[in-house]
Every structure is written in structure tokens, then in C-alpha cells.
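Okay, work_2.txt now, which holds compact mmCIF, C-alpha atoms:
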# COMPACT_ATOMS: atom_id res chain seq x y z
CA MET G 1 77.05 114.19 114.61
CA ASP G 2 78.04 116.89 117.00
CA GLY G 3 75.06 117.99 119.09
CA ALA G 4 76.61 121.36 119.88
CA ARG G 5 76.73 122.36 116.22
CA LEU G 6 73.98 120.21 114.74
CA THR G 7 70.97 120.24 117.02
CA ASP G 8 68.61 118.33 114.70
CA PRO G 9 70.44 115.30 113.30
CA GLY G 10 67.19 113.93 111.88
CA ALA G 11 66.87 116.81 109.42
CA ALA G 12 70.47 116.39 108.25
CA ILE G 13 70.13 112.62 107.99
CA ALA G 14 66.99 113.03 105.87
CA ARG G 15 69.05 114.93 103.27
CA LEU G 16 71.91 112.41 103.00
CA PRO G 17 72.07 110.09 100.01
CA THR G 18 71.71 106.36 100.60
CA GLY G 19 75.06 104.78 101.43
CA SER G 20 76.40 107.84 103.27
CA ALA G 21 77.86 107.53 106.75
CA VAL G 22 77.01 109.38 109.93
CA ILE G 23 79.66 109.70 112.64
CA LEU G 24 78.55 110.08 116.24
CA ARG G 25 81.06 112.29 118.01
CA ASP G 26 79.62 113.97 121.15
CA TYR G 27 82.40 112.32 123.17
CA ASP G 28 81.41 113.80 126.52
CA ALA G 29 77.63 113.73 126.23
CA PRO G 30 76.15 112.03 129.29
CA ASP G 31 73.41 110.56 127.08
CA ARG G 32 75.82 109.32 124.39
CA ARG G 33 74.42 105.77 124.52
CA ALA G 34 70.88 107.08 123.91
CA ARG G 35 72.15 109.30 121.08
CA ALA G 36 73.83 106.29 119.49
CA ALA G 37 70.60 104.29 119.68
CA ASN G 38 68.60 107.16 118.17
CA LEU G 39 71.10 107.66 115.34
CA ALA G 40 71.19 103.91 114.67
CA ARG G 41 67.41 103.94 114.25
CA LEU G 42 67.49 107.01 111.98
CA CYS G 43 70.31 105.60 109.87
CA GLN G 44 68.71 102.20 109.50
CA GLY G 45 65.53 103.80 108.20
CA ARG G 46 67.52 105.64 105.51
CA ARG G 47 70.05 102.87 104.71
CA LEU G 48 72.95 104.95 106.02
CA ARG G 49 76.00 103.71 107.90
CA LEU G 50 76.55 104.73 111.50
CA LEU G 51 80.09 105.02 112.84
CA VAL G 52 80.78 105.72 116.50
CA ALA G 53 83.82 107.86 117.23
CA GLY G 54 86.39 106.56 119.67
CA ASP G 55 84.34 103.87 121.42
CA ALA G 56 84.25 100.37 119.96
CA ARG G 57 82.14 99.06 122.84
CA LEU G 58 79.44 101.64 122.18
CA ALA G 59 79.64 100.91 118.44
CA LEU G 60 78.95 97.25 119.20
CA ALA G 61 76.13 98.08 121.61
CA ALA G 62 74.47 100.39 119.06
CA ASP G 63 74.90 97.82 116.28
CA ALA G 64 76.80 100.48 114.35
CA HIS G 65 78.45 99.80 111.01
CA GLY G 66 81.86 100.77 112.28
CA LEU G 67 84.19 102.99 114.17
CA HIS G 68 85.74 106.41 113.63
CA LEU G 69 89.09 106.98 115.31
CA PRO G 70 90.34 110.36 116.47
CA GLU G 71 93.87 110.95 115.15
CA GLY G 72 95.42 110.05 118.51
CA LEU G 73 93.79 106.62 118.56
CA ALA G 74 94.62 105.87 114.94
CA CYS G 75 98.23 107.02 115.22
CA GLY G 76 99.02 106.24 118.84
CA GLY G 77 100.16 103.03 120.40
CA ASP G 78 96.75 102.15 121.87
CA ARG G 79 95.30 99.65 119.43
CA ARG G 80 92.74 98.07 121.75
CA TRP G 81 90.04 99.15 119.31
CA ARG G 82 91.19 96.30 117.07
CA LEU G 83 90.18 93.76 119.71
CA TRP G 84 86.60 95.01 119.58
CA ARG G 85 86.39 95.41 115.81
CA LYS G 86 83.58 93.40 114.29
CA PRO G 87 84.11 91.69 110.91
CA GLY G 88 82.79 93.89 108.12
CA TRP G 89 83.08 97.11 110.08
CA LEU G 90 84.08 100.29 108.32
CA VAL G 91 86.89 101.99 110.24
CA THR G 92 87.81 105.60 109.48
CA ALA G 93 90.24 107.99 111.14
CA ALA G 94 90.80 111.70 111.50
CA ALA G 95 94.06 113.03 110.06
CA HIS G 96 95.67 116.45 109.93
CA SER G 97 99.02 115.72 108.27
CA PRO G 98 100.60 113.37 105.73
CA GLY G 99 102.24 111.50 108.62
CA ALA G 100 98.89 110.94 110.30
CA VAL G 101 97.41 109.69 107.03
CA ALA G 102 100.28 107.20 106.65
CA GLN G 103 99.96 106.01 110.26
CA ALA G 104 96.20 105.55 109.87
CA ARG G 105 96.78 103.52 106.71
CA ARG G 106 99.31 101.32 108.55
CA ALA G 107 96.83 100.90 111.42
CA GLY G 108 94.42 99.32 108.96
CA VAL G 109 91.70 101.94 108.62
CA HIS G 110 89.62 102.01 105.46
CA ALA G 111 89.54 105.79 104.94
CA VAL G 112 90.61 109.07 106.53
CA LEU G 113 88.87 112.40 107.06
CA LEU G 114 91.57 114.96 106.30
CA SER G 115 91.11 118.40 107.82
CA PRO G 116 90.80 121.30 108.00
CA VAL G 117 90.65 121.80 104.26
CA PHE G 118 89.11 125.27 104.43
CA ALA G 119 88.46 127.79 107.22
CA THR G 120 85.90 126.53 109.67
CA ALA G 121 84.13 128.03 112.68
CA SER G 122 84.88 124.90 114.72
CA HIS G 123 88.63 125.59 114.58
CA PRO G 124 89.00 129.36 114.20
CA GLY G 125 92.49 130.43 113.22
CA ALA G 126 93.61 126.91 112.33
CA ILE G 127 96.01 126.61 109.42
CA THR G 128 94.02 125.19 106.51
CA LEU G 129 95.20 122.88 103.77
CA GLY G 130 93.49 124.57 100.85
CA ALA G 131 92.55 122.74 97.66
CA LEU G 132 96.07 122.27 96.27
CA ARG G 133 97.68 120.85 99.42
CA PHE G 134 94.62 118.68 100.04
CA ALA G 135 94.92 117.25 96.51
CA ALA G 136 98.66 116.61 96.88
CA TRP G 137 98.24 114.79 100.19
CA THR G 138 95.24 112.85 98.89
CA ARG G 139 97.13 111.56 95.85
CA LYS G 140 99.85 110.15 98.12
CA ALA G 141 97.50 108.71 100.75
CA GLY G 142 97.10 105.14 99.50
CA LEU G 143 93.54 104.97 100.83
CA PRO G 144 90.30 106.93 100.35
CA VAL G 145 90.39 110.48 101.71
CA TYR G 146 87.36 112.57 102.64
CA ALA G 147 87.60 116.36 102.91
CA LEU G 148 86.50 117.94 106.18
CA GLY G 149 86.51 121.54 107.30
CA GLY G 150 84.66 124.46 105.77
CA MET G 151 82.73 122.27 103.37
CA THR G 152 80.00 124.07 101.44
CA ALA G 153 78.69 123.66 97.91
CA ALA G 154 81.25 126.23 96.71
CA THR G 155 84.26 124.75 98.52
CA THR G 156 83.30 121.24 97.45
CA ARG G 157 83.46 122.38 93.81
CA ARG G 158 87.00 123.66 94.44
CA LEU G 159 88.02 120.05 95.20
CA SER G 160 86.95 118.74 91.81
CA GLY G 161 89.77 116.61 90.45
CA SER G 162 91.54 116.45 93.83
CA GLY G 163 91.09 112.71 94.24
CA ALA G 164 88.77 113.14 97.23
CA ALA G 165 86.55 110.14 97.87
CA GLY G 166 83.93 112.56 99.18
CA VAL G 167 83.27 115.24 101.74
CA ALA G 168 82.34 115.28 105.40
CA ALA G 169 80.68 118.11 107.26
CA ILE G 170 79.04 119.10 110.48
CA SER G 171 78.05 122.74 110.29
CA GLY G 172 77.58 122.38 106.53
CA PHE G 173 74.55 120.21 107.24
CA ALA G 174 73.09 122.63 109.77
CA ARG G 175 72.22 125.09 107.00
As C-alpha cells:
Amino acid sequence: MDGARLTDPGAAIARLPTGSAVILRDYDAPDRRARAANLARLCQGRRLRLLVAGDARLALAADAHGLHLPEGLACGGDRRWRLWRKPGWLVTAAAHSPGAVAQARRAGVHAVLLSPVFATASHPGAITLGALRFAAWTRKAGLPVYALGGMTAATTRRLSGSGAAGVAAISGFAR
């Protein structure tokens, strides 16, 4: 969840299918601990998984189901997150290149969110992967890949047959 782009996480969470995951981003929010507790409560009521981005200690405190790593944490030398990892946690990572996908796989994550697949307001002007490049990188990934960036009903259909494990969105849930 990103409070700047999704002001009512409860409404979005209510529409997610059971078994989905919610990622708390809001890295700099002064009330991040309270947001984590609120999301944990909402997710538990809907049988959804909560992942906390970039902070294993907060994930433990919130009794989250796992951790989401920004690309720098997954690919960089700082692997302290492993010391805090709880058995059974789901660990995902952000990736923006085939090299980042490979490094995340070697770091031991369970899945990556590959982006930006399509044009997105959150990264205006960013070079997008498009459906064909996304599919090519996904087939070589060696772990589940979720599409992120510009995800709508129409763009999700364009990924049919790409090998995507699923889609992730922020603004797509605000509508």
C-alpha cells in the first residue's frame, strides 16, 4: 500500500481475492508502525498475506506474513534481512532488469515484482518493458514473476500467456 496513491486501503483490500498479498510501502510515513498494525488487522479478516517492504523488524512486530525487498536490498550486499527472516515467511523483491531478477533469485526470494511493464503515472517517462519483453524476461526468471506498472484490466489481458504468476498494482486498485 502506498498512502499517497491509495488513500483507502480498506476498500482495495475488500476487493482482493483470498490468498492475495498486500505490501506496505510508505517507507517514510511517521505512522508506519500504526499503518502496519491496521493493515495486519484488515488482511487477517480477509485471509490475505501482509508483506512489509524493507523492514524485517516491522514485519515481525506487525506479525506480517513476510517481507518485500526494494531492488537495492535484494541485489545489494546488505543481507541483514536474512537474520530477521521468520520461518515460513514469503519474501518478494522488486526488479527492473534481468540482472536484478537473477540477483533476487540468488538472494533466496520467493518471487519478484517486475516493473514497469506498462506506462504508469508513478514513474512518468520511465522506459517500459511492454508485454513481449516482460514475457521473455519472465520465462528466463527461474522463479515466479508478478507484473507491476500500468496494470489495468486491459493491460492484464495483454499479458495472457506471458508466464506471469500474477499482477500487482497500486493506482489500479484506487479506481
Quick check, in Å to one decimal: how far apart do CA of Gly163 in chain G and CA of Phe118 in chain G lie?
16.3 Å
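Distances to Val112 in chain G were evaluated for G:Ala53, G:Leu129, G:Val91, G:Ala169 using all atoms listed in the file, and the minimum falls at G:Val91.
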Would you place a box with edges along x, y and z of the file around all atoms of range 146-159 of chain G listed there, add 5 Å to each of its six sides, and report the centre and edge lengths in Å to one decimal, as AutoDock Vina command-line options?
--center_x 83.4 --center_y 119.4 --center_z 100.6 --size_x 19.3 --size_y 23.7 --size_z 23.5
Return the single residue from G:Ile170, G:Gly88, G:Ala119, G:Ala61 that is closest to Ile23 in chain G, with distances computed using all atoms listed in the file.
G:Ile170
Nearby residues (all atoms listed in the file) at most 9 Å from Val109 in chain G, same-chain spacing under 6 positions excluded, as an MDAnalysis selection string
chainID G and resid 68:69 74 90:93 143
Taking C-alpha atoms for each residue, export the selection above as a PDB file, keeping the file's coordinate frame.
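File produced: again-v8.pdb:
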ATOM      1  CA  HIS G  68      85.740 106.410 113.630  1.00  0.00           C
ATOM      2  CA  LEU G  69      89.090 106.980 115.310  1.00  0.00           C
ATOM      3  CA  ALA G  74      94.620 105.870 114.940  1.00  0.00           C
ATOM      4  CA  LEU G  90      84.080 100.290 108.320  1.00  0.00           C
ATOM      5  CA  VAL G  91      86.890 101.990 110.240  1.00  0.00           C
ATOM      6  CA  THR G  92      87.810 105.600 109.480  1.00  0.00           C
ATOM      7  CA  ALA G  93      90.240 107.990 111.140  1.00  0.00           C
ATOM      8  CA  LEU G 143      93.540 104.970 100.830  1.00  0.00           C
TER       9      LEU G 143
END
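Computed from the coordinates, the CA of Arg133 in chain G to CA of Pro98 in chain G distance equals 10.2 Å.
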Write out as JSON lines the residues of range 56-124 of chain G that have any atom within 9 Å of an atom of range 31-37 of chain G, one row each with the nearest atom pair and its distance in Å to one decimal, counting all atoms listed in the file, sorted by chain and then rising number.
{"residue": "G:Leu58", "atom": "CA", "partner": "G:Arg33", "partner_atom": "CA", "distance": 6.9}
{"residue": "G:Ala59", "atom": "CA", "partner": "G:Ala36", "partner_atom": "CA", "distance": 8.0}
{"residue": "G:Ala61", "atom": "CA", "partner": "G:Arg33", "partner_atom": "CA", "distance": 8.4}
{"residue": "G:Ala62", "atom": "CA", "partner": "G:Ala37", "partner_atom": "CA", "distance": 5.5}
{"residue": "G:Asp63", "atom": "CA", "partner": "G:Ala37", "partner_atom": "CA", "distance": 8.5}
{"residue": "G:Ala64", "atom": "CA", "partner": "G:Ala36", "partner_atom": "CA", "distance": 8.3}
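Coordinates place CA of Trp89 in chain G at a distance of 16.8 Å from CA of Arg106 in chain G.
Closest approach to Gly66 in chain G among G:Ala94, G:Leu42, G:Ile13, G:Leu24: G:Leu24, based on all atoms listed in the file.
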Just the residues within 10 Å of Arg82 in chain G, please, counting only C-alpha atoms, with nothing from its chain fewer than 2 positions along; format it as a list in words.
Ala56, Asp78, Arg79, Arg80, Trp84, Arg85, Lys86, Val91, Ala107 and Gly108 of chain G
